[in-house]
Each structure stands twice: as C-alpha cells, then as structure tokens.
Amino acid sequence: MRIGLLGGSFNPVHNAHLRIAAEAQAACLLDLVIFIPAADPPHKVLAGGVSFEQRSKMVSMAIAGSPYYKLSSIEEERGGKSYSIDTIRAFMKEYQADDLFFIIGADSFLEIGTWHRYDEIFPLCNLVVVERPGCSIANPLEALPDAVRGVFSLNSETGRLEHNSGRTIFFITGSPLELSSTEIRRLAADGADITPYVPSEVAAYISHQRIYHQCQ
C-alpha cells in the first residue's frame with residue numbers, strides 16, 4: 001500500500017488540513033492517510049491547554065466515515081518530544097511492506113533544516129510538500145538545506161526532487177485554503193460561528209466543551 005502520514009498539533013483540526021490530505025492522496029495515489037496528532041511538538045507550545053485527548057477526538061470526528069483516513073495516537077503512546085524522525089521509524093516497523101509518504105506544508109519544508117535529525121528522514125520515506133497560502137517553492141533544490149543538497153537531483157520533467165536512496169520529494173500546488181488555527185481559536189473564544197472553517201461536528205464539540213474559552 002501507499003500510506004500518507006500527516007502530523008500536526010491539530011489545535012483544532014480544520015478544513016485546510018482535510019484539503020491537504022485530499023490533495024496528497026489524489027496526487028500520490030495514496031491508499032490511506034494517517035492523521036498523527038502531536039503529543040509534545042518540539043517547535044511550538046500548544047495554545048489553550050488543549051489536551052491530546054481533545055485534539056484526537058476532534059480529528060476522529062473530522063475523518064469519521066472516510067475509509068481512506070485513520071487516526072494514530074502513536075506520539076502520545078511513545079512519550080517525549082514528538083520528533084518526526086521517531087514517528088517515521090515507528091511506522092516503518094509497522095508497515096514494512098508499504099511505501100510511506102510523509103506529508104508536510106511548504107512552510108514546514110522551508111524550515112526542515114531546523115528539525116531534529118532531519119537528514120535521516122529523506123532516505124526513509126517519500127515526502128509530499130503541499131503549497132500553503134503565501135508560501136510557494138519556486139526552486140525546490142535551492143529550498144533544501146545546504147548540508148543535504150548534494151544528495152538530491154531535480155527531475156526537470158516532473159519538478160520532483162530525487163534522493164540518491166531512490167526516495168522522492170513531491171510538490172503539490174493548487175488552491176490552498178487561507179485558514180489559521182490561531183484565528184479559529186480566537187473566533188471560538190469569542191463565541192463566533194466557526195462552521196465555515198471546521199467540520200460541523202468539530203465545531204459543535206468545541207462549543208459544547210468550551211475548549212477555547214480560556215483563550216479570551
């Protein structure tokens with residue numbers, strides 16, 4: 001199988017996350033996309049004191065009914081900082097016969113050089129880089145950190161980066177949604193209607209549980 005891995009704080013999960021998953025699935029012919037809420041993200045402090053259980057519940061609601069989406073609690077079960085390299089290695093053990101596609105936004109790709117042991121990611125799985133609002137990648141090779149640029153080549157026909165291990169970095173462009181978890185949290189704290197931005201079940205859960213009321 002071809003399996004996509006989509007991580008994030010999902011605080012909350014919103015329609016742009018679902019768009020990213022759908023675009024990656026269609027472009028790379030993925031059989032399954034696994035949503036992976038971060039338990040302790042290394043690059044940010046989780047706003048609002050929202051628990052892993054609440055964020056996972058919202059993801060579960062957002063993907064309910066789709067046979068192509070699955071929720072994983074692996075980063076909570078493992079404990080410690082939610083480093084992507086550790087998550088990828090864990091999925092490699094679980095899905096040894098499958099091809100893994102690690103899905104990230106273009107903004108994250110431009111910062112990948114700051115990630116923990118980032119250079120170990122490229123030979124382990126394919127990457128799928130999805131365009132984000134205000135963040136496009138004109139020259140994929142130059143966007144790579146200097147330290148790893150020499151082990152990649154740019155396929156001029158496909159626009160993909162090819163690693164010397166045989167793994168590939170795919171770049172997906174389209175019509176990214178201009179959505180911000182920060183703004184959605186602010187709206188929810190003000191009691192505004194957030195159903196245009198998140199699945200209706202998620203909006204109802206946030207309202208009922210008053211998840212972001214402390215963000216006021």
# chains A, B, ... in the order shown; residues from 1 in each chain; ligands from 1
>>> residues_around(residues="range 46-57 of chain A", least_positions_apart="6", cutoff="10 Å", atoms="only C-alpha atoms", output="PyMOL selection string")
chain A and resi 9-13+35-40+71-73+75-76+181-182+185+202+205-206+209+211-216
>>> write_last_selection(atoms="N, CA and C atoms", output="compact mmCIF listing (two decimals), in the first residue's frame")
# COMPACT_ATOMS: atom_id res chain seq x y z
N SER A 9 -0.34 19.61 15.19
CA SER A 9 -0.93 19.78 16.52
C SER A 9 -2.46 19.64 16.45
N PHE A 10 -3.05 19.97 15.29
CA PHE A 10 -4.50 19.87 15.09
C PHE A 10 -5.24 20.55 16.25
N ASN A 11 -4.95 21.83 16.43
CA ASN A 11 -5.46 22.57 17.57
C ASN A 11 -6.21 23.83 17.12
N PRO A 12 -7.39 23.67 16.47
CA PRO A 12 -8.06 22.40 16.16
C PRO A 12 -7.76 21.95 14.73
N VAL A 13 -8.18 20.72 14.42
CA VAL A 13 -8.18 20.27 13.03
C VAL A 13 -9.17 21.13 12.26
N PHE A 35 -3.66 10.36 10.17
CA PHE A 35 -3.53 11.62 10.88
C PHE A 35 -2.85 11.36 12.22
N ILE A 36 -1.82 12.14 12.53
CA ILE A 36 -0.99 11.88 13.70
C ILE A 36 -0.91 13.14 14.57
N PRO A 37 -1.81 13.30 15.54
CA PRO A 37 -1.71 14.46 16.43
C PRO A 37 -0.41 14.42 17.24
N ALA A 38 0.25 15.55 17.33
CA ALA A 38 1.48 15.65 18.12
C ALA A 38 1.12 15.68 19.60
N ALA A 39 1.87 14.91 20.38
CA ALA A 39 1.65 14.94 21.83
C ALA A 39 2.41 16.08 22.47
N ASP A 40 3.67 16.26 22.07
CA ASP A 40 4.53 17.31 22.63
C ASP A 40 5.37 17.87 21.49
N LEU A 71 -6.80 7.57 12.30
CA LEU A 71 -6.18 8.32 13.38
C LEU A 71 -5.15 7.45 14.08
N SER A 72 -4.00 8.03 14.42
CA SER A 72 -2.98 7.32 15.19
C SER A 72 -2.62 8.12 16.43
N SER A 73 -2.52 7.44 17.56
CA SER A 73 -2.10 8.07 18.82
C SER A 73 -0.66 7.71 19.16
N GLU A 75 2.20 9.15 18.95
CA GLU A 75 3.10 10.09 19.60
C GLU A 75 2.77 10.25 21.08
N GLU A 76 1.53 10.06 21.46
CA GLU A 76 1.15 10.06 22.88
C GLU A 76 1.64 8.78 23.54
N SER A 181 -5.21 28.10 12.55
CA SER A 181 -5.71 27.57 13.81
C SER A 181 -5.80 28.66 14.86
N THR A 182 -4.84 29.59 14.84
CA THR A 182 -4.85 30.69 15.80
C THR A 182 -6.12 31.52 15.66
N ARG A 185 -9.19 29.57 16.85
CA ARG A 185 -9.27 29.57 18.31
C ARG A 185 -9.81 30.91 18.83
N VAL A 202 -16.99 18.99 14.61
CA VAL A 202 -15.89 19.56 15.38
C VAL A 202 -16.31 20.89 16.00
N TYR A 205 -18.50 20.21 18.98
CA TYR A 205 -17.71 19.68 20.10
C TYR A 205 -16.96 20.82 20.79
N ILE A 206 -16.34 21.70 20.01
CA ILE A 206 -15.61 22.83 20.58
C ILE A 206 -16.55 23.71 21.40
N GLN A 209 -17.85 21.73 24.65
CA GLN A 209 -16.81 21.52 25.65
C GLN A 209 -16.14 22.83 26.07
N ILE A 211 -13.85 24.48 24.60
CA ILE A 211 -12.43 24.15 24.58
C ILE A 211 -11.54 25.39 24.55
N TYR A 212 -11.96 26.40 23.81
CA TYR A 212 -11.07 27.56 23.66
C TYR A 212 -11.55 28.79 24.43
N HIS A 213 -12.47 28.60 25.36
CA HIS A 213 -12.96 29.76 26.09
C HIS A 213 -11.86 30.43 26.90
N GLN A 214 -10.83 29.66 27.33
CA GLN A 214 -9.75 30.23 28.12
C GLN A 214 -8.78 31.06 27.28
N CYS A 215 -8.97 31.04 25.94
CA CYS A 215 -8.11 31.83 25.07
C CYS A 215 -8.53 33.29 25.03
N GLN A 216 -9.63 33.62 25.69
CA GLN A 216 -10.13 35.00 25.65
C GLN A 216 -9.20 35.94 26.42
>>> residues_around(residues="Ala27 in chain A", least_positions_apart="4", cutoff="12 Å", atoms="only C-alpha atoms", output="NGL selection string")
:A and (2 or 4 or 20-23 or 31 or 101 or 103 or 128-130 or 170-174)
>>> write_last_selection(atoms="C-alpha atoms", output="mmCIF file, in the first residue's frame")
data_model
loop_
_atom_site.group_PDB
_atom_site.id
_atom_site.type_symbol
_atom_site.label_atom_id
_atom_site.label_comp_id
_atom_site.auth_asym_id
_atom_site.auth_seq_id
_atom_site.Cartn_x
_atom_site.Cartn_y
_atom_site.Cartn_z
ATOM 1 C CA ARG A 2 0.911 3.647 -0.373
ATOM 2 C CA GLY A 4 0.444 9.011 3.782
ATOM 3 C CA ILE A 20 -4.049 18.864 2.324
ATOM 4 C CA ALA A 21 -4.850 15.207 2.979
ATOM 5 C CA ALA A 22 -7.173 15.016 -0.031
ATOM 6 C CA GLU A 23 -4.713 16.706 -2.379
ATOM 7 C CA ASP A 31 -4.418 4.120 -0.268
ATOM 8 C CA PHE A 101 4.693 9.369 2.152
ATOM 9 C CA ILE A 103 3.004 14.972 4.153
ATOM 10 C CA VAL A 128 4.845 15.265 -0.104
ATOM 11 C CA VAL A 129 5.134 19.046 0.132
ATOM 12 C CA VAL A 130 1.796 20.831 -0.210
ATOM 13 C CA PHE A 170 6.728 15.549 -4.458
ATOM 14 C CA PHE A 171 5.489 19.143 -4.698
ATOM 15 C CA ILE A 172 1.752 19.806 -4.902
ATOM 16 C CA THR A 173 0.375 23.154 -5.989
ATOM 17 C CA GLY A 174 -3.275 24.085 -6.060
#
>>> select_by_dssp(residues="range 33-187 of chain A", states="strand (DSSP E)", output="ChimeraX atom specification")
/A:33-37,69-71,99-105,126-130,152-154,161-163,168-172
>>> residues_around(residues="range 83-97 of chain A", least_positions_apart="5", cutoff="10 Å", atoms="only C-alpha atoms", output="PyMOL selection string")
chain A and resi 1-3+5+7+36+38-43+74-75+78+102+115-122+124-125
>>> write_last_selection(atoms="N, CA and C atoms", output="PDB file, in the first residue's frame")
ATOM      1  N   MET A   1       0.844  -1.203   0.000  1.00  0.00           N
ATOM      2  CA  MET A   1       0.000   0.000   0.000  1.00  0.00           C
ATOM      3  C   MET A   1       0.875   1.247   0.000  1.00  0.00           C
ATOM      4  N   ARG A   2       0.276   2.325  -0.420  1.00  0.00           N
ATOM      5  CA  ARG A   2       0.911   3.647  -0.373  1.00  0.00           C
ATOM      6  C   ARG A   2       0.222   4.420   0.747  1.00  0.00           C
ATOM      7  N   ILE A   3       0.979   4.744   1.785  1.00  0.00           N
ATOM      8  CA  ILE A   3       0.404   5.292   3.006  1.00  0.00           C
ATOM      9  C   ILE A   3       0.964   6.684   3.274  1.00  0.00           C
ATOM     10  N   LEU A   5       1.395   9.964   5.792  1.00  0.00           N
ATOM     11  CA  LEU A   5       1.480  10.297   7.210  1.00  0.00           C
ATOM     12  C   LEU A   5       1.344  11.810   7.339  1.00  0.00           C
ATOM     13  N   GLY A   7       1.092  14.688  10.112  1.00  0.00           N
ATOM     14  CA  GLY A   7       1.184  15.085  11.506  1.00  0.00           C
ATOM     15  C   GLY A   7       0.819  16.540  11.702  1.00  0.00           C
ATOM     16  N   ILE A  36      -1.815  12.142  12.526  1.00  0.00           N
ATOM     17  CA  ILE A  36      -0.993  11.880  13.705  1.00  0.00           C
ATOM     18  C   ILE A  36      -0.912  13.140  14.566  1.00  0.00           C
ATOM     19  N   ALA A  38       0.251  15.553  17.326  1.00  0.00           N
ATOM     20  CA  ALA A  38       1.480  15.648  18.119  1.00  0.00           C
ATOM     21  C   ALA A  38       1.122  15.683  19.600  1.00  0.00           C
ATOM     22  N   ALA A  39       1.868  14.914  20.383  1.00  0.00           N
ATOM     23  CA  ALA A  39       1.650  14.939  21.828  1.00  0.00           C
ATOM     24  C   ALA A  39       2.413  16.084  22.472  1.00  0.00           C
ATOM     25  N   ASP A  40       3.674  16.258  22.069  1.00  0.00           N
ATOM     26  CA  ASP A  40       4.531  17.309  22.626  1.00  0.00           C
ATOM     27  C   ASP A  40       5.375  17.875  21.491  1.00  0.00           C
ATOM     28  N   PRO A  41       4.795  18.753  20.665  1.00  0.00           N
ATOM     29  CA  PRO A  41       5.507  19.249  19.488  1.00  0.00           C
ATOM     30  C   PRO A  41       6.762  20.027  19.872  1.00  0.00           C
ATOM     31  N   PRO A  42       7.888  19.759  19.201  1.00  0.00           N
ATOM     32  CA  PRO A  42       9.146  20.382  19.592  1.00  0.00           C
ATOM     33  C   PRO A  42       9.277  21.841  19.183  1.00  0.00           C
ATOM     34  N   HIS A  43       8.506  22.306  18.187  1.00  0.00           N
ATOM     35  CA  HIS A  43       8.690  23.650  17.663  1.00  0.00           C
ATOM     36  C   HIS A  43       7.662  24.657  18.153  1.00  0.00           C
ATOM     37  N   ILE A  74       0.127   7.377  18.161  1.00  0.00           N
ATOM     38  CA  ILE A  74       1.472   6.871  18.387  1.00  0.00           C
ATOM     39  C   ILE A  74       2.357   7.841  19.165  1.00  0.00           C
ATOM     40  N   GLU A  75       2.198   9.146  18.946  1.00  0.00           N
ATOM     41  CA  GLU A  75       3.096  10.092  19.598  1.00  0.00           C
ATOM     42  C   GLU A  75       2.771  10.254  21.081  1.00  0.00           C
ATOM     43  N   ARG A  78       4.174   6.939  22.690  1.00  0.00           N
ATOM     44  CA  ARG A  78       5.635   6.877  22.766  1.00  0.00           C
ATOM     45  C   ARG A  78       6.171   7.760  23.884  1.00  0.00           C
ATOM     46  N   PHE A 102       5.433  11.063   3.709  1.00  0.00           N
ATOM     47  CA  PHE A 102       5.313  11.997   4.823  1.00  0.00           C
ATOM     48  C   PHE A 102       4.847  13.344   4.273  1.00  0.00           C
ATOM     49  N   TRP A 115      14.802  20.859  11.988  1.00  0.00           N
ATOM     50  CA  TRP A 115      14.202  19.688  12.622  1.00  0.00           C
ATOM     51  C   TRP A 115      15.263  18.778  13.220  1.00  0.00           C
ATOM     52  N   HIS A 116      14.865  18.040  14.217  1.00  0.00           N
ATOM     53  CA  HIS A 116      15.719  17.059  14.872  1.00  0.00           C
ATOM     54  C   HIS A 116      16.074  15.923  13.902  1.00  0.00           C
ATOM     55  N   ARG A 117      17.373  15.737  13.643  1.00  0.00           N
ATOM     56  CA  ARG A 117      17.873  14.658  12.767  1.00  0.00           C
ATOM     57  C   ARG A 117      17.116  14.624  11.435  1.00  0.00           C
ATOM     58  N   TYR A 118      16.890  15.795  10.880  1.00  0.00           N
ATOM     59  CA  TYR A 118      16.085  15.907   9.655  1.00  0.00           C
ATOM     60  C   TYR A 118      16.703  15.147   8.488  1.00  0.00           C
ATOM     61  N   ASP A 119      18.038  15.088   8.436  1.00  0.00           N
ATOM     62  CA  ASP A 119      18.699  14.459   7.297  1.00  0.00           C
ATOM     63  C   ASP A 119      18.438  12.964   7.215  1.00  0.00           C
ATOM     64  N   GLU A 120      18.017  12.369   8.340  1.00  0.00           N
ATOM     65  CA  GLU A 120      17.724  10.930   8.356  1.00  0.00           C
ATOM     66  C   GLU A 120      16.355  10.617   7.752  1.00  0.00           C
ATOM     67  N   ILE A 121      15.528  11.632   7.589  1.00  0.00           N
ATOM     68  CA  ILE A 121      14.176  11.419   7.067  1.00  0.00           C
ATOM     69  C   ILE A 121      14.204  11.050   5.590  1.00  0.00           C
ATOM     70  N   PHE A 122      15.025  11.734   4.803  1.00  0.00           N
ATOM     71  CA  PHE A 122      14.969  11.626   3.347  1.00  0.00           C
ATOM     72  C   PHE A 122      15.187  10.213   2.796  1.00  0.00           C
ATOM     73  N   LEU A 124      14.377   7.466   4.260  1.00  0.00           N
ATOM     74  CA  LEU A 124      13.431   6.530   4.858  1.00  0.00           C
ATOM     75  C   LEU A 124      12.074   6.513   4.169  1.00  0.00           C
ATOM     76  N   CYS A 125      11.639   7.659   3.665  1.00  0.00           N
ATOM     77  CA  CYS A 125      10.301   7.735   3.084  1.00  0.00           C
ATOM     78  C   CYS A 125      10.257   8.845   2.052  1.00  0.00           C
TER      79      CYS A 125
END
>>> residues_around(residues="Pro133 in chain A", least_positions_apart="6", cutoff="8 Å", atoms="only C-alpha atoms", output="PDB file with N, CA and C atoms, in the first residue's frame")
ATOM      1  N   PRO A 176      -4.623  26.530  -2.057  1.00  0.00           N
ATOM      2  CA  PRO A 176      -4.602  26.318  -0.602  1.00  0.00           C
ATOM      3  C   PRO A 176      -5.593  27.215   0.125  1.00  0.00           C
ATOM      4  N   LEU A 177      -6.196  26.666   1.166  1.00  0.00           N
ATOM      5  CA  LEU A 177      -7.161  27.432   1.951  1.00  0.00           C
ATOM      6  C   LEU A 177      -6.433  28.357   2.924  1.00  0.00           C
ATOM      7  N   GLU A 178      -6.920  29.581   3.006  1.00  0.00           N
ATOM      8  CA  GLU A 178      -6.341  30.575   3.914  1.00  0.00           C
ATOM      9  C   GLU A 178      -6.983  30.408   5.284  1.00  0.00           C
TER      10      GLU A 178
END
>>> closest_residue(among="A:Asn155, A:Ser60, A:Ser207, A:Ser165", to="Asp193 in chain A", atoms="only C-alpha atoms")
A:Ser207
>>> closest_residue(among="A:Tyr68, A:Val45, A:Glu157, A:Arg167", to="Ala26 in chain A", atoms="only C-alpha atoms")
A:Tyr68
>>> atom_distance(atom1="CA of Ala143 in chain A", atom2="CA of Asp99 in chain A")
24.4 Å
>>> atom_distance(atom1="CA of Ser108 in chain A", atom2="CA of Gly65 in chain A")
28.8 Å
>>> select_by_dssp(residues="range 16-181 of chain A", states="alpha helix (DSSP H)", output="ChimeraX atom specification")
/A:16-28,52-63,74-78,84-94,106-109,140-143,181
>>> atom_distance(atom1="CA of Pro199 in chain A", atom2="CA of Ser180 in chain A")
14.5 Å
